[in-house]
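> If it helps, the file is called model_0.txt and holds compact mmCIF, C-alpha atoms and all ligand atoms:
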# COMPACT_ATOMS: atom_id res chain seq x y z
CA MET A 1 89.66 137.87 85.18
CA ASN A 2 90.76 141.22 83.77
CA ARG A 3 90.14 142.42 80.23
CA THR A 4 93.26 140.87 78.76
CA ASP A 5 92.48 137.55 80.40
CA SER A 6 88.94 137.66 79.02
CA ALA A 7 90.08 138.09 75.42
CA PRO A 8 90.66 134.37 74.75
CA VAL A 9 87.25 133.58 76.24
CA TYR A 10 85.54 136.11 73.92
CA LEU A 11 87.43 134.63 70.98
CA ALA A 12 86.48 131.11 72.06
CA CYS A 13 82.80 132.15 72.27
CA ALA A 14 83.04 133.70 68.80
CA ILE A 15 84.44 130.45 67.42
CA ILE A 16 81.70 128.42 69.10
CA LEU A 17 78.99 130.76 67.73
CA SER A 18 80.49 130.68 64.25
CA ASN A 19 79.95 126.93 64.23
CA LEU A 20 76.21 127.48 64.50
CA SER A 21 76.00 128.58 60.87
CA PHE A 22 73.46 127.53 58.25
CA PRO A 23 74.11 125.51 56.18
CA PRO A 24 76.16 123.65 58.84
CA LEU A 25 79.96 123.52 58.54
CA PRO A 26 81.60 120.17 57.62
CA LEU A 27 82.09 117.99 60.74
CA PRO A 28 85.95 117.97 60.73
CA MET A 29 85.94 121.80 60.65
CA ILE A 30 83.52 121.95 63.59
CA VAL A 31 85.62 119.47 65.62
CA THR A 32 88.87 121.34 64.90
CA SER A 33 87.50 124.78 65.72
CA LEU A 34 85.76 123.59 68.89
CA THR A 35 88.96 121.89 70.10
CA PHE A 36 90.82 125.14 69.42
CA ALA A 37 88.19 127.15 71.31
CA ILE A 38 88.35 124.85 74.36
CA THR A 39 92.16 124.99 74.42
CA LEU A 40 91.98 128.78 74.27
CA ALA A 41 89.44 129.23 77.04
CA ALA A 42 90.56 126.54 79.49
CA PRO A 43 93.54 128.38 81.07
CA CYS A 44 91.35 131.42 81.80
CA PHE A 45 88.78 129.35 83.67
CA ALA A 46 91.55 127.38 85.40
CA ALA A 47 93.16 130.66 86.53
CA GLN A 48 89.88 131.66 88.17
CA LEU A 49 89.92 128.49 90.24
CA ARG A 50 93.27 129.33 91.85
CA PRO A 51 93.19 129.33 95.63
CA GLY A 52 94.39 132.40 97.55
CA LEU A 53 97.57 131.27 99.28
CA THR A 54 98.63 133.09 102.43
CA VAL A 55 102.36 132.65 102.99
CA PRO A 56 103.90 131.56 106.32
CA THR A 57 106.06 133.87 108.45
CA LEU A 58 109.75 134.31 107.60
CA THR A 59 110.73 132.16 110.60
CA GLN A 60 108.45 129.36 109.40
CA VAL A 61 109.77 129.55 105.82
CA ARG A 62 113.34 129.41 107.10
CA GLY A 63 112.33 126.29 109.00
CA ILE A 64 111.11 124.74 105.73
CA LEU A 65 114.39 125.67 103.99
CA ALA A 66 116.33 124.08 106.86
CA LEU A 67 114.29 120.88 106.56
CA LEU A 68 115.28 120.56 102.90
CA GLU A 69 119.00 120.42 103.78
CA ALA A 70 118.95 116.76 104.85
CA PRO A 71 117.32 115.33 101.69
CA ILE A 72 119.54 117.48 99.45
CA ILE A 73 122.76 116.39 101.17
CA SER A 74 121.83 112.73 101.47
CA THR A 75 120.86 112.61 97.77
CA LEU A 76 124.19 114.24 96.88
CA VAL A 77 126.08 111.66 98.97
CA SER A 78 124.10 108.81 97.38
CA ARG A 79 124.92 110.26 93.95
CA ALA A 80 128.63 110.37 94.88
CA ALA A 81 128.47 106.63 95.48
CA LEU A 82 128.32 106.19 91.71
CA PRO A 83 130.80 107.61 89.18
CA ALA A 84 129.70 110.87 87.49
CA GLU A 85 131.40 110.70 84.10
CA ALA A 86 131.50 113.98 82.15
CA SER A 87 130.26 112.12 79.04
CA LEU A 88 126.84 111.66 80.69
CA TYR A 89 126.38 115.44 80.79
CA SER A 90 127.64 116.55 77.36
CA ASN A 91 125.77 119.05 75.14
CA GLY A 92 124.28 120.97 78.03
CA GLY A 93 123.05 117.78 79.67
CA GLN A 94 120.64 116.95 76.86
CA ASP A 95 120.46 113.23 77.72
CA LEU A 96 119.74 113.98 81.37
CA LEU A 97 117.07 116.51 80.36
CA ALA A 98 115.49 113.93 78.03
CA TYR A 99 115.39 111.53 80.99
CA ILE A 100 113.83 114.24 83.20
CA ALA A 101 111.27 115.07 80.49
CA LYS A 102 109.79 111.56 80.70
CA LYS A 103 109.47 111.76 84.48
CA GLU A 104 107.99 115.24 84.35
CA LYS A 105 105.17 114.21 82.02
CA VAL A 106 104.01 111.69 84.61
CA ALA A 107 104.57 114.13 87.50
CA SER A 108 102.64 116.86 85.71
CA SER A 109 99.59 114.68 85.20
CA ALA A 110 99.69 113.88 88.92
CA GLY A 111 99.56 117.64 89.73
CA ARG A 112 103.15 118.11 90.86
CA PHE A 113 103.56 121.39 88.98
CA ASP A 114 100.13 122.80 89.79
CA TYR A 115 99.68 126.33 91.08
CA GLY A 116 101.13 126.86 94.55
CA THR A 117 103.19 123.66 94.80
CA LEU A 118 106.47 125.60 94.33
CA GLU A 119 107.61 122.82 92.01
CA TYR A 120 108.62 124.09 88.57
CA PRO A 121 109.42 121.67 85.72
CA PHE A 122 112.74 121.67 83.86
CA THR A 123 111.25 120.55 80.55
CA LEU A 124 107.58 121.61 80.46
CA PRO A 125 105.83 124.99 80.18
CA LEU A 126 105.43 126.86 83.47
CA VAL A 127 102.20 127.65 85.28
CA ARG A 128 100.62 130.95 84.15
CA PRO A 129 101.53 134.03 86.22
CA ASP A 130 98.97 135.84 88.39
CA ARG A 131 97.65 139.29 87.62
CA THR A 132 96.30 141.70 90.18
CA THR A 133 92.77 142.93 89.37
CA ASN A 134 90.10 144.92 91.17
CA LYS A 135 88.41 141.68 92.18
CA ASN A 136 91.62 139.88 93.10
CA THR A 137 93.91 142.41 94.73
CA PHE A 138 96.61 140.08 96.05
CA PRO A 139 97.04 141.86 99.38
CA PRO A 140 100.50 141.70 100.98
CA GLY A 141 101.08 138.21 102.36
CA ARG A 142 99.21 136.51 99.48
CA PHE A 143 101.35 134.45 97.05
CA HIS A 144 101.47 136.01 93.55
CA GLN A 145 102.81 133.66 90.86
CA ASP A 146 105.52 135.17 88.62
CA THR A 147 107.13 133.87 85.43
CA PHE A 148 110.66 133.13 86.70
CA SER A 149 112.05 129.65 87.25
CA PRO A 150 115.56 129.03 88.64
CA ASN A 151 115.92 125.81 86.67
CA SER A 152 118.21 126.88 83.85
CA ASN A 153 120.64 128.50 86.34
CA LEU A 154 120.56 125.32 88.44
CA THR A 155 121.07 123.01 85.46
CA THR A 156 124.13 124.99 84.33
CA PHE A 157 125.60 124.96 87.83
CA TYR A 158 124.82 121.26 88.25
CA ILE A 159 126.51 120.21 85.03
CA ASN A 160 129.49 122.57 85.07
CA THR A 161 130.31 122.75 88.79
CA LEU A 162 128.53 120.11 90.85
CA VAL A 163 129.05 117.05 88.63
CA PRO A 164 132.88 117.44 88.72
CA LEU A 165 132.72 117.80 92.53
CA ILE A 166 130.53 114.71 92.81
CA GLN A 167 132.98 112.85 90.59
CA ALA A 168 135.86 114.01 92.82
CA ALA A 169 134.01 112.65 95.90
CA ASN A 170 133.45 109.37 94.09
CA VAL A 171 137.15 109.11 93.25
CA ALA A 172 138.00 109.93 96.91
CA ALA A 173 135.80 106.98 97.89
CA GLY A 174 137.93 104.71 95.69
CA SER A 175 135.80 105.18 92.54
CA SER A 176 133.09 103.11 94.14
CA SER A 177 129.91 102.08 92.40
CA VAL A 178 127.53 101.46 95.25
CA PHE A 179 123.81 101.67 94.93
CA PHE A 180 121.78 100.31 97.78
CA HIS A 181 118.99 98.56 95.95
CA MET A 182 121.01 97.14 93.08
CA ALA A 183 122.50 93.68 93.38
CA SER A 184 125.56 94.29 91.21
CA PRO A 185 125.91 97.92 90.25
CA THR A 186 128.24 98.79 87.41
CA PRO A 187 129.46 102.14 86.08
CA ALA A 188 127.00 101.60 83.24
CA ASP A 189 123.98 102.04 85.49
CA VAL A 190 122.96 105.22 83.77
CA ASP A 191 119.40 104.97 84.99
CA ALA A 192 120.49 104.92 88.64
CA LYS A 193 122.70 107.97 88.06
CA TYR A 194 120.14 110.02 86.13
CA ASN A 195 117.47 109.08 88.63
CA LEU A 196 119.54 110.57 91.46
CA ASP A 197 120.46 113.59 89.31
CA ALA A 198 116.78 114.19 88.57
CA THR A 199 115.84 113.87 92.25
CA LEU A 200 118.63 116.19 93.33
CA LEU A 201 117.80 118.79 90.68
CA ALA A 202 114.11 118.71 91.66
CA LEU A 203 115.05 119.24 95.32
CA LEU A 204 117.36 122.14 94.42
CA SER A 205 114.68 123.71 92.26
CA HIS A 206 112.09 123.36 95.03
CA ARG A 207 114.47 124.84 97.60
CA ALA A 208 115.30 127.82 95.40
CA SER A 209 111.65 128.33 94.41
CA ILE A 210 110.69 128.66 98.06
CA GLY A 211 112.45 132.01 97.65
CA LYS A 212 109.11 133.22 96.22
CA ILE A 213 107.51 132.62 99.61
CA VAL A 214 110.46 134.18 101.43
CA ALA A 215 110.08 137.25 99.20
CA GLU A 216 106.33 137.52 99.79
CA SER A 217 106.89 137.26 103.51
CA LYS A 218 109.51 140.03 103.44
CA PHE A 219 107.33 142.14 101.14
CA ALA A 220 104.36 141.82 103.52
CA SER A 221 106.41 143.01 106.47
CA ASN A 222 107.89 146.01 104.62
CA THR A 223 105.53 147.15 101.86
CA THR A 224 106.49 150.82 102.25
CA GLY A 225 110.15 149.90 101.71
CA PHE A 226 109.61 147.57 98.74
CA ILE A 227 106.80 149.18 96.70
CA PRO A 228 108.75 152.27 95.51
CA LEU A 229 111.77 150.05 94.71
CA ILE A 230 109.60 147.65 92.69
CA GLU A 231 107.96 150.55 90.87
CA SER A 232 111.35 152.02 89.97
CA LYS A 233 112.76 148.53 89.19
CA ASP A 234 115.68 149.24 91.53
CA VAL A 235 117.12 145.71 91.43
CA SER A 236 120.28 146.40 93.41
CA THR A 237 118.50 148.03 96.38
CA ILE A 238 115.82 145.29 96.35
CA ARG A 239 118.64 142.74 96.53
CA ILE A 240 120.31 144.57 99.43
CA LEU A 241 117.00 144.69 101.31
CA LEU A 242 116.47 140.96 100.79
CA THR A 243 119.97 139.89 101.81
CA ASN A 244 120.67 138.74 105.35
CA THR A 245 124.30 137.65 105.71
CA THR A 246 123.80 136.42 109.30
CA GLN A 247 121.15 133.98 108.06
CA GLU A 248 123.43 132.96 105.17
CA SER A 249 126.17 132.03 107.67
CA VAL A 250 123.67 129.92 109.63
CA VAL A 251 122.60 128.10 106.46
CA LEU A 252 126.20 127.45 105.34
CA ALA A 253 127.27 126.25 108.80
CA THR A 254 124.35 123.83 109.25
CA ALA A 255 124.82 122.49 105.70
CA ASP A 256 128.52 121.89 106.41
CA ALA A 257 127.74 120.04 109.68
CA ALA A 258 125.13 117.91 107.91
CA ALA A 259 127.56 117.13 105.05
CA GLN A 260 130.17 115.93 107.52
CA GLU A 261 127.67 113.80 109.41
CA VAL A 262 126.12 112.14 106.34
CA ALA A 263 129.49 111.51 104.64
CA ASN A 264 130.93 109.98 107.83
CA ALA A 265 127.89 107.75 108.30
CA TRP A 266 128.11 106.66 104.67
CA GLY A 267 131.80 105.77 105.01
CA GLU A 268 131.31 103.99 108.33
CA ALA A 269 128.56 101.86 106.82
CA GLN A 270 131.02 100.80 104.14
CA THR A 271 133.95 100.46 106.54
CA PHE A 272 136.14 102.91 104.60
CA PRO A 273 139.79 102.97 105.78
CA VAL A 274 140.51 106.16 107.78
CA GLU A 275 142.32 108.01 104.95
CA VAL A 276 139.57 107.17 102.45
CA GLN A 277 136.94 108.32 104.94
CA MET A 278 138.72 111.63 105.50
CA ALA A 279 139.18 112.27 101.79
CA PHE A 280 135.57 111.36 101.03
CA THR A 281 134.13 113.51 103.82
CA SER A 282 136.20 116.55 102.92
CA SER A 283 135.27 116.29 99.24
CA VAL A 284 131.57 116.00 100.15
CA GLN A 285 131.95 119.06 102.38
CA GLU A 286 133.55 120.96 99.50
CA ALA A 287 130.71 120.03 97.15
CA VAL A 288 128.06 120.96 99.75
CA ALA A 289 129.73 124.30 100.51
CA LYS A 290 129.72 125.26 96.80
CA LEU A 291 126.19 123.95 96.40
CA PHE A 292 124.70 125.89 99.30
CA ARG A 293 126.53 129.08 98.32
CA GLU A 294 124.96 128.73 94.87
CA LEU A 295 121.57 127.86 96.36
CA ILE A 296 121.58 131.02 98.47
CA ASP A 297 122.49 133.09 95.40
CA VAL A 298 119.84 131.47 93.21
CA THR A 299 117.24 131.73 95.99
CA THR A 300 118.03 135.45 96.27
CA LEU A 301 117.63 135.77 92.49
CA VAL A 302 114.24 134.03 92.73
CA GLU A 303 113.25 136.53 95.45
CA VAL A 304 114.31 139.53 93.35
CA LYS A 305 112.52 138.26 90.21
CA TYR A 306 109.38 137.50 92.22
CA LEU A 307 109.22 141.00 93.69
CA LEU A 308 109.83 142.68 90.32
CA GLN A 309 106.53 141.12 89.14
CA ARG A 310 104.70 141.43 92.46
CA LEU A 311 102.62 144.45 91.42
CA ASN A 312 101.74 143.10 87.94
O1 LIG B 401 116.32 133.57 104.97
C1 LIG B 401 116.30 134.54 104.21
O2 LIG B 401 116.15 135.71 104.60
C2 LIG B 401 116.43 134.33 102.78
O3 LIG B 401 116.27 135.26 102.02
C3 LIG B 401 116.87 132.99 102.28
C4 LIG B 401 118.38 132.94 102.06
C5 LIG B 401 118.70 131.44 101.75
O4 LIG B 401 118.73 131.09 100.58
O5 LIG B 401 118.82 130.67 102.70
C6 LIG B 401 118.73 133.78 100.89
C7 LIG B 401 119.19 135.05 101.03
C8 LIG B 401 119.49 135.64 102.31
O6 LIG B 401 120.60 136.47 102.27
C9 LIG B 401 119.56 134.65 103.40
C10 LIG B 401 119.10 133.39 103.26
Represent the supplied structure as structure tokens.
Ligand SMILES: O=C(O)C(=O)C[C@]1(C(=O)O)C=C[C@@H](O)C=C1


Amino acid sequence: MNRTDSAPVYLACAIILSNLSFPPLPLPMIVTSLTFAITLAAPCFAAQLRPGLTVPTLTQVRGILALLEAPIISTLVSRAALPAEASLYSNGGQDLLAYIAKKEKVASSAGRFDYGTLEYPFTLPLVRPDRTTNKNTFPPGRFHQDTFSPNSNLTTFYINTLVPLIQAANVAAGSSSVFFHMASPTPADVDAKYNLDATLLALLSHRASIGKIVAESKFASNTTGFIPLIESKDVSTIRILLTNTTQESVVLATADAAAQEVANAWGEAQTFPVEVQMAFTSSVQEAVAKLFRELIDVTTLVEVKYLLQRLN
């Protein structure tokens, strides 16, 4: 802990000591001030318990990003099997976010958003950032938690761009309402829709947040290049150094191939007529192309934001 981190602990100790007065304080005052002191001190002790996380190589991280393509695309195709009415996403998607909030409370208590999971909630406070100290120097290659989450960018893109593309794919499939574990799905199955939306958003967030690991990996292999740029907050050169257009083409091409394969398999399973199949597959490909372009951009943003705080 550095000095700033210690401040709440000193304050907490002061509160605890002030309870030892004579004559004793009334019980409700003692309970309230002790609860306050514990709340204040807990994050500092929790921060000390953080494990040192060494990041994988860039090749390994790219492998992880590639593995996430299949679940993202298959969830998108499953979502396109149900109508995506604009009314479900009005007012900035507040109903969807309220739905996600309930799930995230449960997920949080199970440790989903703990330090190092690279899962960041849409509706809850984020994990505290790391700070480099003399005792904990965060050498290059060690994950260093920052304060940025890609979730508001992803939510905006999801509601404004992806939902209309999902709806277009659903219309191409004959405005179907197919959900594999429901006996008689109807367009009113809001829970089924929001459940898939929430799953898809969580996958997108996880994929983009892995950009933090990509950034650490790149930082570790080129500290002399990055450190002066971070110190001078040279965002545009940092972005240029992080960008690899050859890798972007690989990502976009494999995502397109996967989109075609999953959409075809989905249509075959439902014995779509040929024209319906073609229309459905091409609209899924269009949605996936826009989605992965956005994902690359948001992942790059995550990388830039991570590095800007790397020396904090
Ligand atoms: O693989 C990388 O080098 C990354 O930075 C990840 C990623 C991506 O999102 O897939 C993002 C930016 C790069 O230009 C290329 C690919």

> Counting only C-alpha atoms and all ligand atoms, which protein, DNA or RNA residues come within 7 Å of ligand LIG 401 (chain B), given as an mmCIF file with C-alpha atoms, in the coordinates of the input?


data_model
loop_
_atom_site.group_PDB
_atom_site.id
_atom_site.type_symbol
_atom_site.label_atom_id
_atom_site.label_comp_id
_atom_site.auth_asym_id
_atom_site.auth_seq_id
_atom_site.Cartn_x
_atom_site.Cartn_y
_atom_site.Cartn_z
ATOM 1 C CA ARG A 62 113.340 129.410 107.100
ATOM 2 C CA LEU A 65 114.390 125.670 103.990
ATOM 3 C CA GLY A 211 112.450 132.010 97.650
ATOM 4 C CA VAL A 214 110.460 134.180 101.430
ATOM 5 C CA LEU A 242 116.470 140.960 100.790
ATOM 6 C CA THR A 243 119.970 139.890 101.810
ATOM 7 C CA ASN A 244 120.670 138.740 105.350
ATOM 8 C CA THR A 245 124.300 137.650 105.710
ATOM 9 C CA GLN A 247 121.150 133.980 108.060
ATOM 10 C CA GLU A 248 123.430 132.960 105.170
ATOM 11 C CA VAL A 251 122.600 128.100 106.460
ATOM 12 C CA LEU A 295 121.570 127.860 96.360
ATOM 13 C CA ILE A 296 121.580 131.020 98.470
ATOM 14 C CA ASP A 297 122.490 133.090 95.400
ATOM 15 C CA THR A 299 117.240 131.730 95.990
ATOM 16 C CA THR A 300 118.030 135.450 96.270
#

> Work out how far apart CA of Phe219 (chain A) and CA of Ala70 (chain A) are and give it in Å to one decimal.

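These atoms are spaced 28.2 Å apart.
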
> Measuring atom to atom with only C-alpha atoms, identify which of A:Gly174, A:Leu97, A:Lys218, A:Val163 is nearest to Thr59 (chain A).

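Residue with the minimum atom-to-atom distance to Thr59 (chain A): A:Lys218.
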
> Which residues are near Lys193 (chain A)? Cut-off 10 Å, only C-alpha atoms, ignore same chain within fewer than 3 positions. Put them as a ChimeraX atom specification.

/A:78-85,88,96,179,187-190,196-199

> Identify which of the residues A:Val298, A:Ala172, A:Pro139, A:Ile72 lies closest to Pro273 (chain A), counting only C-alpha atoms when measuring atom-to-atom distances.

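Smallest distance to Pro273 (chain A) is found for A:Ala172.
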
> Which is closest to Lys233 (chain A) among A:Ser249, A:Ser221, A:Gln309, A:Thr57, if we use all atoms listed in the file?

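Once distances to Lys233 (chain A) are computed over all atoms listed in the file, the minimum belongs to A:Gln309.
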
> CA of Gln277 (chain A) to CA of Leu154 (chain A): how many Å, to one decimal?

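Here the two named atoms are 28.8 Å from each other.
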
> Could you list, with a cut-off of 9 Å and counting all atoms listed in the file, the residues of region 52-165 of chain A near region 280-286 of chain A, each shown with its nearest atom pair and the distance in Å rounded to one decimal, rows sorted by chain and ascending number, as CSV?


residue,atom,partner,partner_atom,distance
A:Ile73,CA,A:Val284,CA,8.9
A:Leu76,CA,A:Val284,CA,8.3
A:Val77,CA,A:Val284,CA,7.1
A:Ala80,CA,A:Val284,CA,8.3
A:Leu165,CA,A:Ser283,CA,7.3

> Could the residues in this selection be written to a file with C-alpha atoms, as a PDB file, in the coordinates of the input?


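Result went into selection-v2.pdb, see below:
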ATOM      1  CA  ILE A  73     122.760 116.390 101.170  1.00  0.00           C
ATOM      2  CA  LEU A  76     124.190 114.240  96.880  1.00  0.00           C
ATOM      3  CA  VAL A  77     126.080 111.660  98.970  1.00  0.00           C
ATOM      4  CA  ALA A  80     128.630 110.370  94.880  1.00  0.00           C
ATOM      5  CA  LEU A 165     132.720 117.800  92.530  1.00  0.00           C
TER       6      LEU A 165
END

> What's the 9 Å shell around Val302 (chain A), counting only C-alpha atoms, without same-chain residues fewer than 5 positions away, as a list of chain:residue names?

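Result of the neighbour search: A:Phe148, A:Ser149, A:Pro150, A:Ala208, A:Ser209, A:Ile210, A:Gly211, A:Lys212, A:Ala215, A:Asp297, A:Leu307.
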
> Just checking: using only C-alpha atoms, which residue out of A:Leu204, A:Ser176, A:Gln94, A:Leu27 ends up closest to Pro71 (chain A)?

A:Leu204

> Interatomic distance between CA of Thr161 (chain A) and CA of Asp256 (chain A)?

17.7 Å

> Between A:Ala169, A:Val288, A:Leu308, A:Val61, which is the closest to Pro228 (chain A) once you count only C-alpha atoms?

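Ranked by minimum distance to Pro228 (chain A), first place goes to A:Leu308.
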
> Considering only C-alpha atoms, can you say which of A:Val178, A:Leu252, A:Leu124, A:Leu203 comes closest to Ala107 (chain A)?

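Of A:Val178, A:Leu252, A:Leu124, A:Leu203, the one nearest Ala107 (chain A), counting only C-alpha atoms, is A:Leu124.
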
> Using only C-alpha atoms, list the residues that have an atom at most 10 Å from (111.6, 123.0, 85.7), coordinates as in the file, as a PyMOL selection string.

chain A and resi 100-101+104+113+119-126+149-152+154-155+201-202+205-206

> Would you save the residues of that selection, restricted to C-alpha atoms, as a PDB file, in the frame of the given file?


ATOM      1  CA  ILE A 100     113.830 114.240  83.200  1.00  0.00           C
ATOM      2  CA  ALA A 101     111.270 115.070  80.490  1.00  0.00           C
ATOM      3  CA  GLU A 104     107.990 115.240  84.350  1.00  0.00           C
ATOM      4  CA  PHE A 113     103.560 121.390  88.980  1.00  0.00           C
ATOM      5  CA  GLU A 119     107.610 122.820  92.010  1.00  0.00           C
ATOM      6  CA  TYR A 120     108.620 124.090  88.570  1.00  0.00           C
ATOM      7  CA  PRO A 121     109.420 121.670  85.720  1.00  0.00           C
ATOM      8  CA  PHE A 122     112.740 121.670  83.860  1.00  0.00           C
ATOM      9  CA  THR A 123     111.250 120.550  80.550  1.00  0.00           C
ATOM     10  CA  LEU A 124     107.580 121.610  80.460  1.00  0.00           C
ATOM     11  CA  PRO A 125     105.830 124.990  80.180  1.00  0.00           C
ATOM     12  CA  LEU A 126     105.430 126.860  83.470  1.00  0.00           C
ATOM     13  CA  SER A 149     112.050 129.650  87.250  1.00  0.00           C
ATOM     14  CA  PRO A 150     115.560 129.030  88.640  1.00  0.00           C
ATOM     15  CA  ASN A 151     115.920 125.810  86.670  1.00  0.00           C
ATOM     16  CA  SER A 152     118.210 126.880  83.850  1.00  0.00           C
ATOM     17  CA  LEU A 154     120.560 125.320  88.440  1.00  0.00           C
ATOM     18  CA  THR A 155     121.070 123.010  85.460  1.00  0.00           C
ATOM     19  CA  LEU A 201     117.800 118.790  90.680  1.00  0.00           C
ATOM     20  CA  ALA A 202     114.110 118.710  91.660  1.00  0.00           C
ATOM     21  CA  SER A 205     114.680 123.710  92.260  1.00  0.00           C
ATOM     22  CA  HIS A 206     112.090 123.360  95.030  1.00  0.00           C
TER      23      HIS A 206
END

> Near Arg131 (chain A), within 9 Å and counting only C-alpha atoms, which residues show up once chain neighbours fewer than 5 positions away are dropped, as a PDB file with C-alpha atoms, in the frame of the given file?


ATOM      1  CA  MET A   1      89.660 137.870  85.180  1.00  0.00           C
ATOM      2  CA  ASN A   2      90.760 141.220  83.770  1.00  0.00           C
ATOM      3  CA  ASN A 136      91.620 139.880  93.100  1.00  0.00           C
ATOM      4  CA  THR A 137      93.910 142.410  94.730  1.00  0.00           C
ATOM      5  CA  PHE A 138      96.610 140.080  96.050  1.00  0.00           C
ATOM      6  CA  HIS A 144     101.470 136.010  93.550  1.00  0.00           C
ATOM      7  CA  GLN A 145     102.810 133.660  90.860  1.00  0.00           C
ATOM      8  CA  ASP A 146     105.520 135.170  88.620  1.00  0.00           C
ATOM      9  CA  ARG A 310     104.700 141.430  92.460  1.00  0.00           C
ATOM     10  CA  LEU A 311     102.620 144.450  91.420  1.00  0.00           C
ATOM     11  CA  ASN A 312     101.740 143.100  87.940  1.00  0.00           C
TER      12      ASN A 312
END

> Which centre and edge lengths in Å to one decimal define the box along x, y and z that fits every listed atom of region 145-163 of chain A plus 3 Å per side, as AutoDock Vina command-line options?


--center_x 116.6 --center_y 126.1 --center_z 87.4 --size_x 33.5 --size_y 24.1 --size_z 13.0
